[in-house]
Amino acid sequence: MLFITSRMPTINTEPEFNRNFVFDLKNNSSSRSFFCCQRHKKGQYEEIGSAALLQALKNSKYRQVLVYIHGFSKLPEDVFASASELQKLCDKQKTGEVLVVPLIWPCDADFGIIKDYWDDQKAADQSAFTFARLMQRFMKWRNDNPDDDPCLKRINVLAHSMGNRVLRQTLANWRRYDQPQGLPLLFRNSFLVAADIVNESLHKGEEGELISHASRNVVVYYASDDLALRASKVSNLKNGEASRRLGHSGPENMDRTPKNVYAIDCDDINTQYDPPIGHVYFSSSTKKGEPGLVFLHIFQTMLTGRVFPNDEFRKSSIIGMSKT
């Protein structure tokens, strides 16, 4: 599996590639450099460099790429497990359609230097500077490709939980430092699942609006009984941030969001798929390995490029158990 990370290795061999890349799990600060790697098996990773990774993506049999940005409190092998599950579900739906590429940032899972939610937020913000460099590197690579040999892969992004903060801040930094004239339309679809950012984030004039600038479609999946986001709201209240989370309520006011933002209520299925927390509901259903309704909607949107293909003016919907 190909992956990109801002997490530091135990030994940094720059400028040489690290053929035996070992994550430093006791260091939860973000590297200033991003590392493009390949996972051969559990615990065995190799740094291959951005040129090799991008060329591998271009040459792959898959028609589309799904960049997966994980949530907080996840170690690398947790992320690979989720990404592998997504890959299997995608392949089961249609062989050769979607390649999953995880983007790993250095959050904590209870035994690193950084042990709490707020430090994970800081790690997310730090990683955004690194991943903004990645965005610029990709644009240079794409522009350097000759016109008679372009990369035709469609790129989608799935951000879960605090991964949405990583995505939001990455695009904000990319715009600020490298794209002052505005962001290019890079993503076909951006799927924001159980987003741990304030619910005004996608409003016009807010930093999250840039997600809509860089995407053809922005799809928000939310559930009011997501217990992880309830805890997140309590944590943020202690630090003066009173707004509900985007993954709890959807956008605060859909009339203030760009026209390519869509909202889908997942209240009926989130705790069925992820009991009792109801926070991880974007992959399998009640049976692991069987696609859930959110995943099926995500995959269909990637296939068609349309969130509601039968109703071009529809902006919101409900995903429920009755639709199985």
# chains A, B, ... in the order shown; residues from 1 in each chain; ligands from 1
$ residues_around --residues "Leu227 (chain A)" --least-positions-apart "5" --cutoff "9 Å" --atoms "only C-alpha atoms" --output "MDAnalysis selection string"
chainID A and resid 232 276:279
$ residues_around --residues "Glu77 (chain A)" --least-positions-apart "3" --cutoff "8 Å" --atoms "only C-alpha atoms" --output "PyMOL selection string"
chain A and resi 42-43+80-81
$ closest_residue --among "A:Tyr45, A:Phe129, A:Tyr68, A:Tyr222" --to "Ile155 (chain A)" --atoms "only C-alpha atoms"
A:Tyr68
$ closest_residue --among "A:Ser161, A:Thr95, A:Ser212, A:Asn310" --to "Lys61 (chain A)" --atoms "only C-alpha atoms"
A:Thr95
$ residues_around --residues "Phe72 (chain A)" --least-positions-apart "3" --cutoff "10 Å" --atoms "only C-alpha atoms" --output "list in words"
Ile69, Leu75, Trp105, Pro106, Cys107, Asp108, Ala109, Asp116, Tyr117, Asp120, Gln121, Ala123, Ala124, His160, Ser161, Met162, Gly163 and Asp196 of chain A
$ write_last_selection --atoms "N, CA, C and O atoms" --output "PDB file, in the first residue's frame"
ATOM      1  N   ILE A  69      -7.768  10.639   4.960  1.00  0.00           N
ATOM      2  CA  ILE A  69      -7.163  11.369   6.075  1.00  0.00           C
ATOM      3  C   ILE A  69      -7.880  10.939   7.354  1.00  0.00           C
ATOM      4  O   ILE A  69      -9.064  11.240   7.539  1.00  0.00           O
ATOM      5  N   LEU A  75      -2.876   5.264  15.541  1.00  0.00           N
ATOM      6  CA  LEU A  75      -1.500   4.944  15.206  1.00  0.00           C
ATOM      7  C   LEU A  75      -1.448   4.417  13.774  1.00  0.00           C
ATOM      8  O   LEU A  75      -2.483   4.037  13.202  1.00  0.00           O
ATOM      9  N   TRP A 105      -0.963  11.478   9.744  1.00  0.00           N
ATOM     10  CA  TRP A 105      -0.436  12.582  10.537  1.00  0.00           C
ATOM     11  C   TRP A 105      -0.225  12.094  11.972  1.00  0.00           C
ATOM     12  O   TRP A 105      -0.819  11.106  12.395  1.00  0.00           O
ATOM     13  N   PRO A 106       0.616  12.779  12.747  1.00  0.00           N
ATOM     14  CA  PRO A 106       1.103  12.212  14.013  1.00  0.00           C
ATOM     15  C   PRO A 106       0.223  12.469  15.227  1.00  0.00           C
ATOM     16  O   PRO A 106       0.600  13.189  16.155  1.00  0.00           O
ATOM     17  N   CYS A 107      -0.964  11.877  15.232  1.00  0.00           N
ATOM     18  CA  CYS A 107      -1.783  11.985  16.434  1.00  0.00           C
ATOM     19  C   CYS A 107      -1.378  10.912  17.441  1.00  0.00           C
ATOM     20  O   CYS A 107      -0.508  10.081  17.179  1.00  0.00           O
ATOM     21  N   ASP A 108      -2.013  10.925  18.595  1.00  0.00           N
ATOM     22  CA  ASP A 108      -1.610  10.086  19.720  1.00  0.00           C
ATOM     23  C   ASP A 108      -2.610   8.966  19.948  1.00  0.00           C
ATOM     24  O   ASP A 108      -3.784   9.092  19.600  1.00  0.00           O
ATOM     25  N   ALA A 109      -2.146   7.874  20.533  1.00  0.00           N
ATOM     26  CA  ALA A 109      -3.048   6.800  20.957  1.00  0.00           C
ATOM     27  C   ALA A 109      -2.671   6.348  22.361  1.00  0.00           C
ATOM     28  O   ALA A 109      -2.443   5.184  22.627  1.00  0.00           O
ATOM     29  N   ASP A 116      -3.347  14.157  24.852  1.00  0.00           N
ATOM     30  CA  ASP A 116      -4.712  14.620  24.947  1.00  0.00           C
ATOM     31  C   ASP A 116      -5.214  15.200  23.641  1.00  0.00           C
ATOM     32  O   ASP A 116      -4.471  15.441  22.692  1.00  0.00           O
ATOM     33  N   TYR A 117      -6.499  15.443  23.630  1.00  0.00           N
ATOM     34  CA  TYR A 117      -7.206  15.909  22.449  1.00  0.00           C
ATOM     35  C   TYR A 117      -6.632  17.210  21.907  1.00  0.00           C
ATOM     36  O   TYR A 117      -6.465  17.374  20.693  1.00  0.00           O
ATOM     37  N   ASP A 120      -3.527  16.765  19.943  1.00  0.00           N
ATOM     38  CA  ASP A 120      -3.823  16.219  18.620  1.00  0.00           C
ATOM     39  C   ASP A 120      -4.241  17.336  17.671  1.00  0.00           C
ATOM     40  O   ASP A 120      -3.901  17.320  16.486  1.00  0.00           O
ATOM     41  N   GLN A 121      -4.995  18.304  18.169  1.00  0.00           N
ATOM     42  CA  GLN A 121      -5.357  19.448  17.328  1.00  0.00           C
ATOM     43  C   GLN A 121      -4.107  20.212  16.883  1.00  0.00           C
ATOM     44  O   GLN A 121      -4.002  20.633  15.726  1.00  0.00           O
ATOM     45  N   ALA A 123      -1.119  18.937  16.551  1.00  0.00           N
ATOM     46  CA  ALA A 123      -0.430  18.100  15.569  1.00  0.00           C
ATOM     47  C   ALA A 123      -1.105  18.196  14.209  1.00  0.00           C
ATOM     48  O   ALA A 123      -0.444  18.188  13.169  1.00  0.00           O
ATOM     49  N   ALA A 124      -2.434  18.281  14.216  1.00  0.00           N
ATOM     50  CA  ALA A 124      -3.170  18.441  12.958  1.00  0.00           C
ATOM     51  C   ALA A 124      -2.786  19.747  12.272  1.00  0.00           C
ATOM     52  O   ALA A 124      -2.543  19.793  11.058  1.00  0.00           O
ATOM     53  N   HIS A 160     -11.907  11.981   7.846  1.00  0.00           N
ATOM     54  CA  HIS A 160     -12.734  11.522   8.963  1.00  0.00           C
ATOM     55  C   HIS A 160     -12.350  12.263  10.241  1.00  0.00           C
ATOM     56  O   HIS A 160     -11.166  12.455  10.531  1.00  0.00           O
ATOM     57  N   SER A 161     -13.358  12.695  10.985  1.00  0.00           N
ATOM     58  CA  SER A 161     -13.159  13.266  12.310  1.00  0.00           C
ATOM     59  C   SER A 161     -12.182  14.448  12.266  1.00  0.00           C
ATOM     60  O   SER A 161     -12.373  15.379  11.495  1.00  0.00           O
ATOM     61  N   MET A 162     -11.093  14.402  13.048  1.00  0.00           N
ATOM     62  CA  MET A 162     -10.145  15.506  13.062  1.00  0.00           C
ATOM     63  C   MET A 162      -9.327  15.584  11.771  1.00  0.00           C
ATOM     64  O   MET A 162      -8.646  16.580  11.520  1.00  0.00           O
ATOM     65  N   GLY A 163      -9.389  14.563  10.940  1.00  0.00           N
ATOM     66  CA  GLY A 163      -8.776  14.643   9.621  1.00  0.00           C
ATOM     67  C   GLY A 163      -9.331  15.794   8.808  1.00  0.00           C
ATOM     68  O   GLY A 163      -8.662  16.324   7.907  1.00  0.00           O
ATOM     69  N   ASP A 196     -14.768  16.860  12.784  1.00  0.00           N
ATOM     70  CA  ASP A 196     -14.515  17.483  14.078  1.00  0.00           C
ATOM     71  C   ASP A 196     -13.973  18.902  13.877  1.00  0.00           C
ATOM     72  O   ASP A 196     -12.853  19.234  14.254  1.00  0.00           O
TER      73      ASP A 196
END
$ atom_distance --atom1 "CA of Ile211 (chain A)" --atom2 "CA of Leu54 (chain A)"
22.2 Å
$ select_by_dssp --residues "region 71-214 of chain A" --states "strand (DSSP E or B)" --output "list in words"
Val98, Leu99, Val100, Val101, Pro102, Leu103, Ile104, Arg154, Ile155, Asn156, Val157, Leu158, Ala159, His160, Phe187, Arg188, Asn189, Ser190, Phe191, Leu192, Val193 and Val198 of chain A
$ select_by_dssp --residues "region 83-283 of chain A" --states "helix (DSSP H, G or I)" --output "count of residues only"
81
$ residues_around --residues "Ser127 (chain A)" --least-positions-apart "3" --cutoff "10 Å" --atoms "only C-alpha atoms" --output "short mmCIF file (atom, residue, chain, number, x, y, z; two decimals) with N, CA and C atoms, in the first residue's frame"
data_model
loop_
_atom_site.label_atom_id
_atom_site.label_comp_id
_atom_site.auth_asym_id
_atom_site.auth_seq_id
_atom_site.Cartn_x
_atom_site.Cartn_y
_atom_site.Cartn_z
N THR A 5 3.13 10.44 4.76
CA THR A 5 3.06 10.75 6.18
C THR A 5 3.88 11.98 6.53
N SER A 6 3.42 12.67 7.56
CA SER A 6 4.20 13.75 8.17
C SER A 6 4.74 13.30 9.52
N ARG A 7 4.56 12.02 9.82
CA ARG A 7 5.05 11.48 11.08
C ARG A 7 6.54 11.18 10.97
N SER A 29 5.08 15.09 17.20
CA SER A 29 5.18 16.36 16.48
C SER A 29 5.33 16.07 14.99
N SER A 30 4.85 17.00 14.17
CA SER A 30 4.91 16.80 12.73
C SER A 30 6.29 17.13 12.18
N SER A 31 6.71 16.33 11.22
CA SER A 31 7.93 16.65 10.49
C SER A 31 7.68 17.83 9.56
N ARG A 32 8.72 18.59 9.28
CA ARG A 32 8.59 19.67 8.29
C ARG A 32 8.57 19.10 6.88
N SER A 33 9.05 17.86 6.72
CA SER A 33 9.05 17.18 5.43
C SER A 33 7.96 16.13 5.40
N PHE A 34 7.44 15.85 4.22
CA PHE A 34 6.53 14.72 4.07
C PHE A 34 7.31 13.55 3.50
N ILE A 104 -1.07 10.02 6.63
CA ILE A 104 -0.91 9.74 8.06
C ILE A 104 -0.27 10.94 8.75
N TRP A 105 -0.96 11.48 9.74
CA TRP A 105 -0.44 12.58 10.54
C TRP A 105 -0.22 12.09 11.97
N PRO A 106 0.62 12.78 12.75
CA PRO A 106 1.10 12.21 14.01
C PRO A 106 0.22 12.47 15.23
N CYS A 107 -0.96 11.88 15.23
CA CYS A 107 -1.78 11.99 16.43
C CYS A 107 -1.38 10.91 17.44
N GLN A 121 -4.99 18.30 18.17
CA GLN A 121 -5.36 19.45 17.33
C GLN A 121 -4.11 20.21 16.88
N LYS A 122 -3.17 20.38 17.80
CA LYS A 122 -1.92 21.07 17.44
C LYS A 122 -1.15 20.27 16.40
N ALA A 123 -1.12 18.94 16.55
CA ALA A 123 -0.43 18.10 15.57
C ALA A 123 -1.11 18.20 14.21
N ALA A 124 -2.43 18.28 14.22
CA ALA A 124 -3.17 18.44 12.96
C ALA A 124 -2.79 19.75 12.27
N THR A 130 3.02 20.89 6.41
CA THR A 130 3.74 19.87 5.65
C THR A 130 2.93 19.42 4.44
N PHE A 131 1.64 19.18 4.65
CA PHE A 131 0.82 18.67 3.55
C PHE A 131 0.53 19.75 2.51
N ALA A 132 0.60 21.02 2.91
CA ALA A 132 0.50 22.09 1.91
C ALA A 132 1.68 22.02 0.94
N VAL A 166 -7.22 18.73 9.49
CA VAL A 166 -6.00 18.63 8.68
C VAL A 166 -6.27 19.12 7.26
N LEU A 167 -7.37 18.67 6.66
CA LEU A 167 -7.70 19.07 5.30
C LEU A 167 -7.96 20.58 5.22
N GLN A 169 -6.98 23.07 7.20
CA GLN A 169 -5.80 23.88 7.43
C GLN A 169 -4.75 23.70 6.32
N THR A 170 -4.68 22.51 5.74
CA THR A 170 -3.77 22.28 4.63
C THR A 170 -4.11 23.20 3.45
#
$ closest_residue --among "A:Leu246, A:Ile11, A:Leu185, A:Ala194" --to "Asn27 (chain A)" --atoms "only C-alpha atoms"
A:Ile11
$ decode --residues "region 167-189 of chain A" --atoms "N, CA, C and O atoms" --output "mmCIF file, in the first residue's frame"
data_model
loop_
_atom_site.group_PDB
_atom_site.id
_atom_site.type_symbol
_atom_site.label_atom_id
_atom_site.label_comp_id
_atom_site.auth_asym_id
_atom_site.auth_seq_id
_atom_site.Cartn_x
_atom_site.Cartn_y
_atom_site.Cartn_z
ATOM 1 N N LEU A 167 -7.365 18.665 6.664
ATOM 2 C CA LEU A 167 -7.703 19.072 5.301
ATOM 3 C C LEU A 167 -7.956 20.576 5.222
ATOM 4 O O LEU A 167 -7.418 21.257 4.335
ATOM 5 N N ARG A 168 -8.755 21.091 6.140
ATOM 6 C CA ARG A 168 -9.083 22.524 6.122
ATOM 7 C C ARG A 168 -7.838 23.385 6.236
ATOM 8 O O ARG A 168 -7.637 24.333 5.454
ATOM 9 N N GLN A 169 -6.984 23.066 7.201
ATOM 10 C CA GLN A 169 -5.798 23.882 7.426
ATOM 11 C C GLN A 169 -4.755 23.700 6.320
ATOM 12 O O GLN A 169 -4.021 24.634 5.992
ATOM 13 N N THR A 170 -4.684 22.512 5.745
ATOM 14 C CA THR A 170 -3.772 22.285 4.626
ATOM 15 C C THR A 170 -4.113 23.196 3.454
ATOM 16 O O THR A 170 -3.235 23.859 2.881
ATOM 17 N N LEU A 171 -5.397 23.251 3.105
ATOM 18 C CA LEU A 171 -5.809 24.096 1.984
ATOM 19 C C LEU A 171 -5.639 25.574 2.316
ATOM 20 O O LEU A 171 -5.277 26.381 1.439
ATOM 21 N N ALA A 172 -5.870 25.936 3.587
ATOM 22 C CA ALA A 172 -5.672 27.335 3.983
ATOM 23 C C ALA A 172 -4.204 27.739 3.853
ATOM 24 O O ALA A 172 -3.887 28.822 3.347
ATOM 25 N N ASN A 173 -3.314 26.865 4.295
ATOM 26 C CA ASN A 173 -1.881 27.163 4.180
ATOM 27 C C ASN A 173 -1.421 27.164 2.730
ATOM 28 O O ASN A 173 -0.580 27.986 2.330
ATOM 29 N N TRP A 174 -1.940 26.243 1.939
ATOM 30 C CA TRP A 174 -1.574 26.178 0.511
ATOM 31 C C TRP A 174 -1.993 27.459 -0.201
ATOM 32 O O TRP A 174 -1.239 28.025 -0.990
ATOM 33 N N ARG A 175 -3.191 27.923 0.110
ATOM 34 C CA ARG A 175 -3.686 29.171 -0.478
ATOM 35 C C ARG A 175 -2.826 30.358 -0.030
ATOM 36 O O ARG A 175 -2.439 31.221 -0.829
ATOM 37 N N ARG A 176 -2.472 30.386 1.258
ATOM 38 C CA ARG A 176 -1.761 31.529 1.822
ATOM 39 C C ARG A 176 -0.341 31.650 1.267
ATOM 40 O O ARG A 176 0.118 32.741 0.939
ATOM 41 N N TYR A 177 0.340 30.520 1.149
ATOM 42 C CA TYR A 177 1.772 30.566 0.837
ATOM 43 C C TYR A 177 2.124 30.262 -0.631
ATOM 44 O O TYR A 177 3.173 30.687 -1.097
ATOM 45 N N ASP A 178 1.254 29.523 -1.325
ATOM 46 C CA ASP A 178 1.629 29.072 -2.668
ATOM 47 C C ASP A 178 0.632 29.416 -3.764
ATOM 48 O O ASP A 178 1.009 29.445 -4.933
ATOM 49 N N GLN A 179 -0.629 29.624 -3.414
ATOM 50 C CA GLN A 179 -1.663 29.841 -4.427
ATOM 51 C C GLN A 179 -2.445 31.126 -4.132
ATOM 52 O O GLN A 179 -3.669 31.085 -3.915
ATOM 53 N N PRO A 180 -1.792 32.272 -4.112
ATOM 54 C CA PRO A 180 -2.481 33.518 -3.725
ATOM 55 C C PRO A 180 -3.606 33.917 -4.673
ATOM 56 O O PRO A 180 -4.497 34.683 -4.282
ATOM 57 N N GLN A 181 -3.584 33.400 -5.894
ATOM 58 C CA GLN A 181 -4.641 33.729 -6.851
ATOM 59 C C GLN A 181 -5.865 32.824 -6.705
ATOM 60 O O GLN A 181 -6.868 33.016 -7.398
ATOM 61 N N GLY A 182 -5.774 31.854 -5.811
ATOM 62 C CA GLY A 182 -6.895 30.935 -5.608
ATOM 63 C C GLY A 182 -6.495 29.497 -5.864
ATOM 64 O O GLY A 182 -5.544 29.220 -6.602
ATOM 65 N N LEU A 183 -7.222 28.576 -5.251
ATOM 66 C CA LEU A 183 -6.889 27.162 -5.364
ATOM 67 C C LEU A 183 -7.414 26.566 -6.658
ATOM 68 O O LEU A 183 -8.501 26.922 -7.127
ATOM 69 N N PRO A 184 -6.664 25.620 -7.233
ATOM 70 C CA PRO A 184 -7.156 24.925 -8.419
ATOM 71 C C PRO A 184 -8.218 23.898 -8.043
ATOM 72 O O PRO A 184 -8.306 23.480 -6.882
ATOM 73 N N LEU A 185 -9.017 23.488 -9.004
ATOM 74 C CA LEU A 185 -10.019 22.441 -8.789
ATOM 75 C C LEU A 185 -9.295 21.106 -8.821
ATOM 76 O O LEU A 185 -9.096 20.513 -9.879
ATOM 77 N N LEU A 186 -8.913 20.617 -7.652
ATOM 78 C CA LEU A 186 -8.053 19.443 -7.556
ATOM 79 C C LEU A 186 -8.836 18.159 -7.297
ATOM 80 O O LEU A 186 -8.528 17.111 -7.863
ATOM 81 N N PHE A 187 -9.857 18.233 -6.443
ATOM 82 C CA PHE A 187 -10.589 17.037 -6.038
ATOM 83 C C PHE A 187 -11.916 16.934 -6.782
ATOM 84 O O PHE A 187 -12.657 17.914 -6.886
ATOM 85 N N ARG A 188 -12.212 15.735 -7.242
ATOM 86 C CA ARG A 188 -13.540 15.525 -7.813
ATOM 87 C C ARG A 188 -14.588 15.558 -6.707
ATOM 88 O O ARG A 188 -15.627 16.190 -6.843
ATOM 89 N N ASN A 189 -14.306 14.839 -5.629
ATOM 90 C CA ASN A 189 -15.224 14.807 -4.491
ATOM 91 C C ASN A 189 -14.427 14.912 -3.194
ATOM 92 O O ASN A 189 -13.380 14.268 -3.053
#
